[in-house]
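To start, the structure under review is shown below, and the notes come after it.
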Amino acid sequence: MIEFTLDGRKMEAREGETILGVARRMRIEIPTLCYHDEVSPFGACRLCVVEVKDGGKWQILPSCQTPISKGMEVRTESEPVKESRRLAAELLYYKFPGVPVVREIAGKLGVTIREEDKESNDCILCGLCVRACREVVGVAALKFMDRGLGRENPEPQIGFDAEKCIGCGSCAYICPSGFVKMEAVDGKRIIWDKVFHMASCKVCGRYFAPIEQLEFISRKTGVPIDNLMMCTSCR
Amino acid sequence: MDTVVFSSWKGKVIDNRKLASRRKAPEEVGVPKLEGEKYSALMGWNGLVIADPQADVFSLTRAYLTEARRLSCGECSVCMISIDLILDLLKGMESGQITDGIEEITKVVKGVAKTAKCNFGRNVLTPVGDAVNYFKADFLAVAQRKKQAVDGPYNSYVTAPCMQACPAHLDIPGYVELIRNYRFADSLELIRERCILPGVIGRACTHPCEEACVRNSMEGPVAIRLLKRAVADHDLETETRELKRPREERSERIAIIGAGPAGLAAAYHLRLMGYKVTVFEALPKAGGMAAIGIPDYRLPKGILQHEVDLLQRQGVEIKLNQKVEKLDVNKLEKEGFAAVFVAVGAHKGTNIGCEGEEESPYVVQGVEFLKRVNLGEKITPVERVTIIGGGNVALDCARSCLRLGFKKVEIVYRRSRKEMPGNKEEIEEALHEGVKITYLAAPVKIIRKGDKVTAIECVKMKLGEPDESGRKRPVPIEGSNFKIKTDMVIAATGQKPDLTFLGEKERAAATTGWGTIKIDADSLQTPVARIFAGGDCVSGPATLIEALHMGNEAAKAIDSYLHGKKTNKKISLSGVDLTDQREEIGVLRAEPQKPPILPLEDRLRGYDEVEKGFTAKEAVKEAERCLRCYRLIVWK
């Protein structure tokens, strides 16, 4: 166990545990937008920042990515923390005023929210879909198209590789802004503009999963595709 | 720029707007100097510098932010959006809709410096804060329509501590970032723009970039070299991405003499521009020193071959075993070659300068020895070998000797370990494998019996005053002579180019006192028309990446020459510490990833690669350690 100080209280953390992990365990509320228990932390939204002193000066660091080290001091509610979180929320709201999840979290952090903003479902670049696709599904059909020197990408965005996508819909489930849409129309699923044919359960006849997803599972597990052609309720 | 009117560089404020008499020259106040370039106003990560009292700070700020937005990756919620917000505020001020946006800008600038994810984001707005703070009146004048902002043209330059240290200026934060986002193929493509031998350089580079890495003063630098290797290996092992093909074909043919790093780099870029490129190589293998100078345990054969194959598939013609005996420009011109790039390297060993060093099977040159080893010639080991020299050639010879079955391998070097020019890790590995290094000694006589060697007589040295290279000059200690029993001597004290293929007239016109080829630094042209030169034959023995860089530059220079284009002005920031910054780094502690090393007992049996590479996962983890220290400057 690693001893450290959280908001003035001596505490113990497990090896490798992050500040956010301990805070959640201790029921200390820290806002997050790009964090999810099932995928690796990304540090993008900057809403979970805390103040950390680890030998040197106090610094603002993301609690989701910062592992606890011995003797570390952490403040989760100080003025600098509140200011940084409010700034991140203000900027997110500035860019995505119509996205409900941004409005909600920014409002909670003290940003004045206008009633008249039109609702929208912009991509807020949290990267959850990219990480879920790679780490949970194991497909990596999505990638973060960021910018930098010599890369003429006018806006950062999520890149989609139609050839790799199996249509499982994990990205749509995890997306907090409603940007990734999944539609179902007579035996077809449409996601990221790609059309998937759904398999119908050989017992009840209900459409239950895209054929490409079942083929992917069959390839990964070695279970013959025929054995997978049954929905979970009939299995 | 003549004198500094205002500066906030490094946070040190000098404000002589009202006191013209107190204005000093830039070097006196320590602001950035652009080599060969004057500026009236400059904005960079570390501050704002004004030389012309009439400079338009409003438009400079806008130009700076516009450039900064292109560099902001957009991953975190604060950096790019704050740039957008400030640009919107400036627009509002200019159109008269916002009369005072200063307070909001100041607040955002302060917050972003503490909250942004990377080191670029933490520093990018700092000079904007200076601008609105110290030139508030200028901003308000625009907002109140008393003054009109006049736009550029502005110049901009982007670098980073690692990029600046790299002789070929690779976009290191860029390719590391692509690895972090699992975009290995895209990363490789970015690397290839300036380094066409990523698998080779990813193994054998001396990596000055890592010395410059900001993390170097913390837990240790980002393993930039191994990251480059990781994407190159990924390309070889999984999905090979072909080199880019030319968009259009050109009629001109270009001859390149020497298929080393310089020749191959020039060949790639010229081919990409559409030229027909023929490379003449004297040896049976392409790669130059990468092929014959670096042993397999550091660079396995297949790696270089893959990269050469890619070039050939791109359309570069490589003629092996074709030594150019006499360079005849007129003949080449008749054959349709519009220009010649000479990149023959420096393959001739220099003499030690002691008695008894006439060549024999037991007294050999280091480069020659390595060539034989690398070309697979049979070498019969003797009991004891002494290698003279302290560079990588000496170390490579020594470690190869151990693998060939030589029993006692000793290096004699005239300075101390601190001055040894060989790579630090090479020295450590050599010692670890059992090479003995005798420091502060120099040979005076090789004692021979006919062809055979029985001993080498050396003299002890001490270090005197530094010489022109900055290293302390070794001085012999009189009467301290001693003998080392040895059966063979390898001389690895230096190399020079073999320029006998140049005609007498050309040689007289185009050689320096050092026996290297003379060129114009900007155009890479030799004094002989249509002949360009680069790599070790110009610089003397240097690193692979330096040669490669000259090849990159040669391609541009030849294209400019053939099409009457002007070469782009090179920007260099002199006297600027790129690691210096005003904001906290805001760093997450992260220990470097270490790849496995072949255990000692498995090493000396053969030529298996000693250092293993990163797995994809390790590479991503290591890439996450990059702080992304892009440094932007914009000036007029």
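Scheme for the structure tokens: letters A, B, ... for chains in order shown; per-chain residue numbers from 1; ligand numbers from 1 in order shown.
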
Near region 430-444 of chain B, counting only C-alpha atoms, which residues have an atom at most 9 Å away, once you skip same-chain residues fewer than 2 positions from it, shown as a PDB file with N, CA and C atoms, in the first residue's frame?
```pdb
ATOM      1  N   ILE B 352      47.859   5.332 -38.568  1.00  0.00           N
ATOM      2  CA  ILE B 352      48.057   5.693 -37.169  1.00  0.00           C
ATOM      3  C   ILE B 352      49.218   6.679 -37.060  1.00  0.00           C
ATOM      4  N   GLY B 353      50.174   6.471 -37.953  1.00  0.00           N
ATOM      5  CA  GLY B 353      51.357   7.317 -37.893  1.00  0.00           C
ATOM      6  C   GLY B 353      52.397   6.760 -36.938  1.00  0.00           C
ATOM      7  N   CYS B 354      52.566   5.435 -36.958  1.00  0.00           N
ATOM      8  CA  CYS B 354      53.631   4.874 -36.115  1.00  0.00           C
ATOM      9  C   CYS B 354      54.411   3.839 -36.911  1.00  0.00           C
ATOM     10  N   GLU B 355      55.506   3.493 -36.376  1.00  0.00           N
ATOM     11  CA  GLU B 355      56.402   2.574 -37.061  1.00  0.00           C
ATOM     12  C   GLU B 355      55.763   1.178 -37.161  1.00  0.00           C
ATOM     13  N   ILE B 388      43.218   0.162 -32.212  1.00  0.00           N
ATOM     14  CA  ILE B 388      43.615   1.525 -31.887  1.00  0.00           C
ATOM     15  C   ILE B 388      42.486   2.485 -32.282  1.00  0.00           C
ATOM     16  N   GLY B 389      42.018   3.258 -31.326  1.00  0.00           N
ATOM     17  CA  GLY B 389      40.966   4.239 -31.627  1.00  0.00           C
ATOM     18  C   GLY B 389      39.858   4.185 -30.596  1.00  0.00           C
ATOM     19  N   LEU B 395      34.953   0.286 -31.653  1.00  0.00           N
ATOM     20  CA  LEU B 395      34.073  -0.526 -30.816  1.00  0.00           C
ATOM     21  C   LEU B 395      33.418  -1.652 -31.619  1.00  0.00           C
ATOM     22  N   ASP B 396      33.003  -1.334 -32.836  1.00  0.00           N
ATOM     23  CA  ASP B 396      32.397  -2.355 -33.689  1.00  0.00           C
ATOM     24  C   ASP B 396      33.407  -3.441 -34.031  1.00  0.00           C
ATOM     25  N   ALA B 398      35.975  -4.320 -32.197  1.00  0.00           N
ATOM     26  CA  ALA B 398      36.245  -5.085 -30.983  1.00  0.00           C
ATOM     27  C   ALA B 398      35.137  -6.097 -30.716  1.00  0.00           C
ATOM     28  N   ARG B 399      33.898  -5.632 -30.813  1.00  0.00           N
ATOM     29  CA  ARG B 399      32.778  -6.538 -30.509  1.00  0.00           C
ATOM     30  C   ARG B 399      32.642  -7.617 -31.587  1.00  0.00           C
ATOM     31  N   LEU B 402      35.219 -10.399 -30.831  1.00  0.00           N
ATOM     32  CA  LEU B 402      34.765 -11.340 -29.802  1.00  0.00           C
ATOM     33  C   LEU B 402      33.882 -12.419 -30.419  1.00  0.00           C
ATOM     34  N   LYS B 408      41.521 -12.492 -26.726  1.00  0.00           N
ATOM     35  CA  LYS B 408      41.749 -11.284 -25.932  1.00  0.00           C
ATOM     36  C   LYS B 408      41.619 -10.060 -26.817  1.00  0.00           C
ATOM     37  N   VAL B 409      40.630  -9.257 -26.515  1.00  0.00           N
ATOM     38  CA  VAL B 409      40.370  -8.086 -27.363  1.00  0.00           C
ATOM     39  C   VAL B 409      40.596  -6.824 -26.541  1.00  0.00           C
ATOM     40  N   GLU B 410      41.516  -6.006 -27.004  1.00  0.00           N
ATOM     41  CA  GLU B 410      41.860  -4.808 -26.244  1.00  0.00           C
ATOM     42  C   GLU B 410      41.806  -3.569 -27.141  1.00  0.00           C
ATOM     43  N   ILE B 411      41.193  -2.512 -26.611  1.00  0.00           N
ATOM     44  CA  ILE B 411      41.174  -1.232 -27.319  1.00  0.00           C
ATOM     45  C   ILE B 411      42.175  -0.308 -26.648  1.00  0.00           C
ATOM     46  N   VAL B 412      42.960   0.379 -27.440  1.00  0.00           N
ATOM     47  CA  VAL B 412      43.880   1.385 -26.893  1.00  0.00           C
ATOM     48  C   VAL B 412      43.409   2.748 -27.388  1.00  0.00           C
ATOM     49  N   TYR B 413      43.117   3.629 -26.444  1.00  0.00           N
ATOM     50  CA  TYR B 413      42.606   4.951 -26.806  1.00  0.00           C
ATOM     51  C   TYR B 413      43.431   6.029 -26.121  1.00  0.00           C
ATOM     52  N   ARG B 414      43.718   7.071 -26.851  1.00  0.00           N
ATOM     53  CA  ARG B 414      44.703   8.038 -26.340  1.00  0.00           C
ATOM     54  C   ARG B 414      44.133   9.043 -25.332  1.00  0.00           C
ATOM     55  N   ARG B 415      42.814   9.181 -25.279  1.00  0.00           N
ATOM     56  CA  ARG B 415      42.251  10.063 -24.259  1.00  0.00           C
ATOM     57  C   ARG B 415      41.579   9.206 -23.189  1.00  0.00           C
ATOM     58  N   SER B 416      40.768   9.845 -22.340  1.00  0.00           N
ATOM     59  CA  SER B 416      40.094   9.068 -21.296  1.00  0.00           C
ATOM     60  C   SER B 416      38.683   8.715 -21.758  1.00  0.00           C
ATOM     61  N   ARG B 417      37.983   7.950 -20.957  1.00  0.00           N
ATOM     62  CA  ARG B 417      36.659   7.463 -21.347  1.00  0.00           C
ATOM     63  C   ARG B 417      35.705   8.621 -21.644  1.00  0.00           C
ATOM     64  N   GLU B 425      26.333   3.830 -25.140  1.00  0.00           N
ATOM     65  CA  GLU B 425      25.833   2.467 -24.938  1.00  0.00           C
ATOM     66  C   GLU B 425      26.735   1.424 -25.606  1.00  0.00           C
ATOM     67  N   GLU B 426      27.402   1.831 -26.698  1.00  0.00           N
ATOM     68  CA  GLU B 426      28.341   0.908 -27.355  1.00  0.00           C
ATOM     69  C   GLU B 426      29.525   0.609 -26.443  1.00  0.00           C
ATOM     70  N   ILE B 427      30.012   1.651 -25.781  1.00  0.00           N
ATOM     71  CA  ILE B 427      31.160   1.482 -24.885  1.00  0.00           C
ATOM     72  C   ILE B 427      30.764   0.537 -23.752  1.00  0.00           C
ATOM     73  N   GLU B 428      29.582   0.798 -23.190  1.00  0.00           N
ATOM     74  CA  GLU B 428      29.120  -0.037 -22.078  1.00  0.00           C
ATOM     75  C   GLU B 428      28.961  -1.494 -22.492  1.00  0.00           C
ATOM     76  N   ILE B 446      54.646  -0.805 -33.933  1.00  0.00           N
ATOM     77  CA  ILE B 446      54.110  -2.164 -34.007  1.00  0.00           C
ATOM     78  C   ILE B 446      55.306  -3.088 -34.211  1.00  0.00           C
ATOM     79  N   ILE B 456      52.731  -4.554 -29.481  1.00  0.00           N
ATOM     80  CA  ILE B 456      52.622  -3.148 -29.865  1.00  0.00           C
ATOM     81  C   ILE B 456      53.186  -2.323 -28.718  1.00  0.00           C
ATOM     82  N   GLU B 457      54.050  -1.406 -29.093  1.00  0.00           N
ATOM     83  CA  GLU B 457      54.634  -0.568 -28.048  1.00  0.00           C
ATOM     84  C   GLU B 457      53.834   0.728 -27.963  1.00  0.00           C
ATOM     85  N   CYS B 458      53.440   1.063 -26.752  1.00  0.00           N
ATOM     86  CA  CYS B 458      52.624   2.264 -26.563  1.00  0.00           C
ATOM     87  C   CYS B 458      53.301   3.214 -25.590  1.00  0.00           C
ATOM     88  N   VAL B 459      52.793   4.444 -25.587  1.00  0.00           N
ATOM     89  CA  VAL B 459      53.273   5.408 -24.606  1.00  0.00           C
ATOM     90  C   VAL B 459      52.075   5.930 -23.837  1.00  0.00           C
ATOM     91  N   LYS B 460      52.280   6.134 -22.554  1.00  0.00           N
ATOM     92  CA  LYS B 460      51.180   6.670 -21.743  1.00  0.00           C
ATOM     93  C   LYS B 460      50.978   8.150 -22.060  1.00  0.00           C
ATOM     94  N   MET B 461      49.710   8.580 -21.975  1.00  0.00           N
ATOM     95  CA  MET B 461      49.375   9.961 -22.305  1.00  0.00           C
ATOM     96  C   MET B 461      48.768  10.652 -21.084  1.00  0.00           C
ATOM     97  N   LYS B 462      48.853  11.980 -21.113  1.00  0.00           N
ATOM     98  CA  LYS B 462      48.080  12.743 -20.135  1.00  0.00           C
ATOM     99  C   LYS B 462      47.305  13.819 -20.908  1.00  0.00           C
ATOM    100  N   LEU B 463      46.254  14.337 -20.305  1.00  0.00           N
ATOM    101  CA  LEU B 463      45.436  15.313 -21.019  1.00  0.00           C
ATOM    102  C   LEU B 463      45.929  16.726 -20.770  1.00  0.00           C
ATOM    103  N   PRO B 474      45.722  15.085 -25.958  1.00  0.00           N
ATOM    104  CA  PRO B 474      46.565  14.108 -25.253  1.00  0.00           C
ATOM    105  C   PRO B 474      48.053  14.403 -25.476  1.00  0.00           C
ATOM    106  N   PRO B 476      51.998  12.934 -24.764  1.00  0.00           N
ATOM    107  CA  PRO B 476      52.741  11.741 -24.316  1.00  0.00           C
ATOM    108  C   PRO B 476      53.560  12.021 -23.041  1.00  0.00           C
ATOM    109  N   ASN B 481      56.901   4.379 -21.907  1.00  0.00           N
ATOM    110  CA  ASN B 481      56.589   3.350 -22.906  1.00  0.00           C
ATOM    111  C   ASN B 481      56.353   1.984 -22.266  1.00  0.00           C
ATOM    112  N   LEU B 600      24.186 -12.080 -22.130  1.00  0.00           N
ATOM    113  CA  LEU B 600      25.578 -12.185 -22.532  1.00  0.00           C
ATOM    114  C   LEU B 600      25.923 -13.569 -23.084  1.00  0.00           C
ATOM    115  N   ARG B 603      25.140 -13.969 -26.675  1.00  0.00           N
ATOM    116  CA  ARG B 603      25.610 -12.976 -27.633  1.00  0.00           C
ATOM    117  C   ARG B 603      26.752 -13.456 -28.503  1.00  0.00           C
ATOM    118  N   LEU B 604      27.807 -13.963 -27.837  1.00  0.00           N
ATOM    119  CA  LEU B 604      29.065 -14.132 -28.540  1.00  0.00           C
ATOM    120  C   LEU B 604      29.086 -15.356 -29.436  1.00  0.00           C
TER     121      LEU B 604
END
```

Inset, instruction - Name the residues in contact with Ser59 (chain B) at a cut-off of 7 Å, using only C-alpha atoms, excluding same-chain residues fewer than 6 positions from it; report them as a list in words. - result: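 Within the cut-off, the hits are Ala149, Val150 and Asp151 of chain B.
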
Could the residues in this selection be saved with C-alpha atoms as a CSV table (one decimal), in the first residue's frame?
```csv
chain,number,residue,atom,x,y,z
B,149,ALA,CA,-4.9,46.1,-38.0
B,150,VAL,CA,-2.7,45.5,-41.0
B,151,ASP,CA,-2.0,41.9,-41.8
```

Each residue of chain A with at least one atom at most 7 Å from chain B should appear once, together with its nearest atom pair and the corresponding distance in Å (one decimal); atoms considered: only C-alpha atoms; ordering: chain, then increasing residue number; output as a Markdown table.
```
| residue | atom | partner | partner_atom | distance |
| --- | --- | --- | --- | --- |
| A:Ala44 | CA | B:Cys76 | CA | 4.1 |
| A:Cys45 | CA | B:Ser77 | CA | 5.1 |
| A:Arg46 | CA | B:Ser77 | CA | 6.5 |
| A:Gln59 | CA | B:Gly586 | CA | 6.1 |
| A:Ile60 | CA | B:Lys114 | CA | 6.2 |
| A:Leu61 | CA | B:Gly586 | CA | 6.6 |
| A:Thr66 | CA | B:Leu588 | CA | 6.4 |
| A:Ser84 | CA | B:Thr115 | CA | 6.0 |
| A:Leu87 | CA | B:Gly111 | CA | 6.6 |
| A:Ala88 | CA | B:Val78 | CA | 5.7 |
| A:Leu91 | CA | B:Ile81 | CA | 6.1 |
| A:Leu92 | CA | B:Ser77 | CA | 6.2 |
| A:Lys95 | CA | B:Ile81 | CA | 6.6 |
| A:Leu125 | CA | B:Glu75 | CA | 6.7 |
| A:Phe144 | CA | B:Asn181 | CA | 6.5 |
| A:Asp146 | CA | B:Cys73 | CA | 5.0 |
| A:Arg147 | CA | B:Cys73 | CA | 4.3 |
| A:Gly148 | CA | B:Leu71 | CA | 4.3 |
| A:Leu149 | CA | B:Leu71 | CA | 5.7 |
| A:Pro156 | CA | B:Gly74 | CA | 5.7 |
```

Could you please take those selected residues and save N, CA and C atoms as a PDB file, in the first residue's frame?
```
ATOM      1  N   ALA A  44      -8.115  13.933 -21.749  1.00  0.00           N
ATOM      2  CA  ALA A  44      -8.480  14.923 -22.766  1.00  0.00           C
ATOM      3  C   ALA A  44      -9.399  16.021 -22.237  1.00  0.00           C
ATOM      4  N   CYS A  45     -10.370  15.681 -21.403  1.00  0.00           N
ATOM      5  CA  CYS A  45     -11.391  16.684 -21.074  1.00  0.00           C
ATOM      6  C   CYS A  45     -10.911  17.702 -20.040  1.00  0.00           C
ATOM      7  N   ARG A  46      -9.911  17.367 -19.298  1.00  0.00           N
ATOM      8  CA  ARG A  46      -9.312  18.239 -18.272  1.00  0.00           C
ATOM      9  C   ARG A  46     -10.299  18.624 -17.170  1.00  0.00           C
ATOM     10  N   GLN A  59       1.016  21.278  -8.709  1.00  0.00           N
ATOM     11  CA  GLN A  59       0.726  21.319 -10.138  1.00  0.00           C
ATOM     12  C   GLN A  59      -0.685  20.834 -10.396  1.00  0.00           C
ATOM     13  N   ILE A  60      -1.243  21.325 -11.498  1.00  0.00           N
ATOM     14  CA  ILE A  60      -2.564  20.849 -11.909  1.00  0.00           C
ATOM     15  C   ILE A  60      -2.364  19.637 -12.832  1.00  0.00           C
ATOM     16  N   LEU A  61      -2.903  18.501 -12.414  1.00  0.00           N
ATOM     17  CA  LEU A  61      -2.744  17.286 -13.220  1.00  0.00           C
ATOM     18  C   LEU A  61      -4.077  16.546 -13.329  1.00  0.00           C
ATOM     19  N   THR A  66      -3.051  10.135 -13.337  1.00  0.00           N
ATOM     20  CA  THR A  66      -1.936  10.261 -12.401  1.00  0.00           C
ATOM     21  C   THR A  66      -1.957   9.151 -11.355  1.00  0.00           C
ATOM     22  N   SER A  84      -9.466  25.740 -12.785  1.00  0.00           N
ATOM     23  CA  SER A  84      -9.073  24.975 -13.963  1.00  0.00           C
ATOM     24  C   SER A  84     -10.256  24.199 -14.532  1.00  0.00           C
ATOM     25  N   LEU A  87     -12.620  26.541 -16.221  1.00  0.00           N
ATOM     26  CA  LEU A  87     -12.101  26.990 -17.517  1.00  0.00           C
ATOM     27  C   LEU A  87     -12.309  25.910 -18.587  1.00  0.00           C
ATOM     28  N   ALA A  88     -11.963  24.661 -18.248  1.00  0.00           N
ATOM     29  CA  ALA A  88     -12.146  23.568 -19.218  1.00  0.00           C
ATOM     30  C   ALA A  88     -13.621  23.461 -19.605  1.00  0.00           C
ATOM     31  N   LEU A  91     -14.647  26.379 -21.864  1.00  0.00           N
ATOM     32  CA  LEU A  91     -14.147  26.231 -23.228  1.00  0.00           C
ATOM     33  C   LEU A  91     -14.940  25.159 -23.978  1.00  0.00           C
ATOM     34  N   LEU A  92     -15.214  24.054 -23.297  1.00  0.00           N
ATOM     35  CA  LEU A  92     -16.026  23.004 -23.936  1.00  0.00           C
ATOM     36  C   LEU A  92     -17.407  23.550 -24.310  1.00  0.00           C
ATOM     37  N   LYS A  95     -17.262  25.782 -27.340  1.00  0.00           N
ATOM     38  CA  LYS A  95     -17.150  25.070 -28.613  1.00  0.00           C
ATOM     39  C   LYS A  95     -18.400  24.245 -28.920  1.00  0.00           C
ATOM     40  N   LEU A 125     -14.769  15.050 -29.135  1.00  0.00           N
ATOM     41  CA  LEU A 125     -13.384  14.558 -29.186  1.00  0.00           C
ATOM     42  C   LEU A 125     -12.921  13.923 -27.879  1.00  0.00           C
ATOM     43  N   PHE A 144      -7.939   8.478 -33.819  1.00  0.00           N
ATOM     44  CA  PHE A 144      -7.973   9.904 -33.551  1.00  0.00           C
ATOM     45  C   PHE A 144      -7.166  10.620 -34.631  1.00  0.00           C
ATOM     46  N   ASP A 146      -5.656  13.719 -35.283  1.00  0.00           N
ATOM     47  CA  ASP A 146      -5.346  15.007 -34.689  1.00  0.00           C
ATOM     48  C   ASP A 146      -4.494  15.814 -35.662  1.00  0.00           C
ATOM     49  N   ARG A 147      -3.974  16.899 -35.169  1.00  0.00           N
ATOM     50  CA  ARG A 147      -3.233  17.771 -36.073  1.00  0.00           C
ATOM     51  C   ARG A 147      -1.845  18.036 -35.574  1.00  0.00           C
ATOM     52  N   GLY A 148      -1.060  18.594 -36.425  1.00  0.00           N
ATOM     53  CA  GLY A 148       0.296  18.925 -36.028  1.00  0.00           C
ATOM     54  C   GLY A 148       1.046  19.403 -37.240  1.00  0.00           C
ATOM     55  N   LEU A 149       2.343  19.547 -37.073  1.00  0.00           N
ATOM     56  CA  LEU A 149       3.208  20.051 -38.131  1.00  0.00           C
ATOM     57  C   LEU A 149       3.061  19.181 -39.381  1.00  0.00           C
ATOM     58  N   PRO A 156      -9.598  18.575 -35.915  1.00  0.00           N
ATOM     59  CA  PRO A 156      -9.376  17.236 -35.373  1.00  0.00           C
ATOM     60  C   PRO A 156     -10.684  16.442 -35.445  1.00  0.00           C
TER      61      PRO A 156
END
```

Legend entry - Selected residue, from B:Gly534, B:Gly390, B:Gly92, B:Pro246, that lies nearest to Asp522 (chain B) when counting only C-alpha atoms: B:Gly534

Inset, instruction - Return the single residue from B:Gly11, B:Pro127, B:Pro595, B:Gly356 that is closest to Ile447 (chain B), with distances computed using only C-alpha atoms. - result: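 Closest to Ile447 (chain B) of all the choices is B:Gly356.
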
Inset, instruction - Would you kindly return, as an MDAnalysis selection string, each protein, DNA or RNA residue with an atom no farther than 10 Å from any atom of Tyr93 (chain A), considering only C-alpha atoms and excluding same-chain residues fewer than 3 positions away? - result: (chainID A and resid 87:90 96:107 111:113) or (chainID B and resid 77 81)

Legend entry - For Ile30 (chain A): contacts at 8 Å, only C-alpha atoms, fewer than 6 positions along chain excluded, given as number ranges by chain: A: 20, 23-24, 47-48, 76

Written selection (C-alpha atoms) as a tab-separated table (two decimals), in the first residue's frame:
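File produced: out_35.tsv:
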```tsv
chain	number	residue	atom	x	y	z
A	20	LEU	CA	-9.37	9.31	-9.61
A	23	ALA	CA	-11.34	9.42	-5.05
A	24	ARG	CA	-14.15	7.31	-6.47
A	47	LEU	CA	-12.40	18.25	-16.04
A	48	CYS	CA	-10.95	15.75	-13.59
A	76	THR	CA	-9.46	17.94	-5.11
```

Legend entry - Counting only C-alpha atoms, the residue of A:Cys126, A:Ile174, A:Thr232, A:Arg75 that sits nearest Ser200 (chain A): A:Thr232

Legend entry - Residue with smallest distance to Met93 (chain B) - pool B:Asp130, B:Glu35, B:Asp138, B:Asp15, counting only C-alpha atoms: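 Residue with the minimum atom-to-atom distance to Met93 (chain B): B:Asp138.
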
Inset, instruction - Please indicate the distance in Å from CA of Ile484 (chain B) to CA of Val367 (chain B), rounded to one decimal place. - result: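 Between these atoms lies a distance of 22.6 Å.
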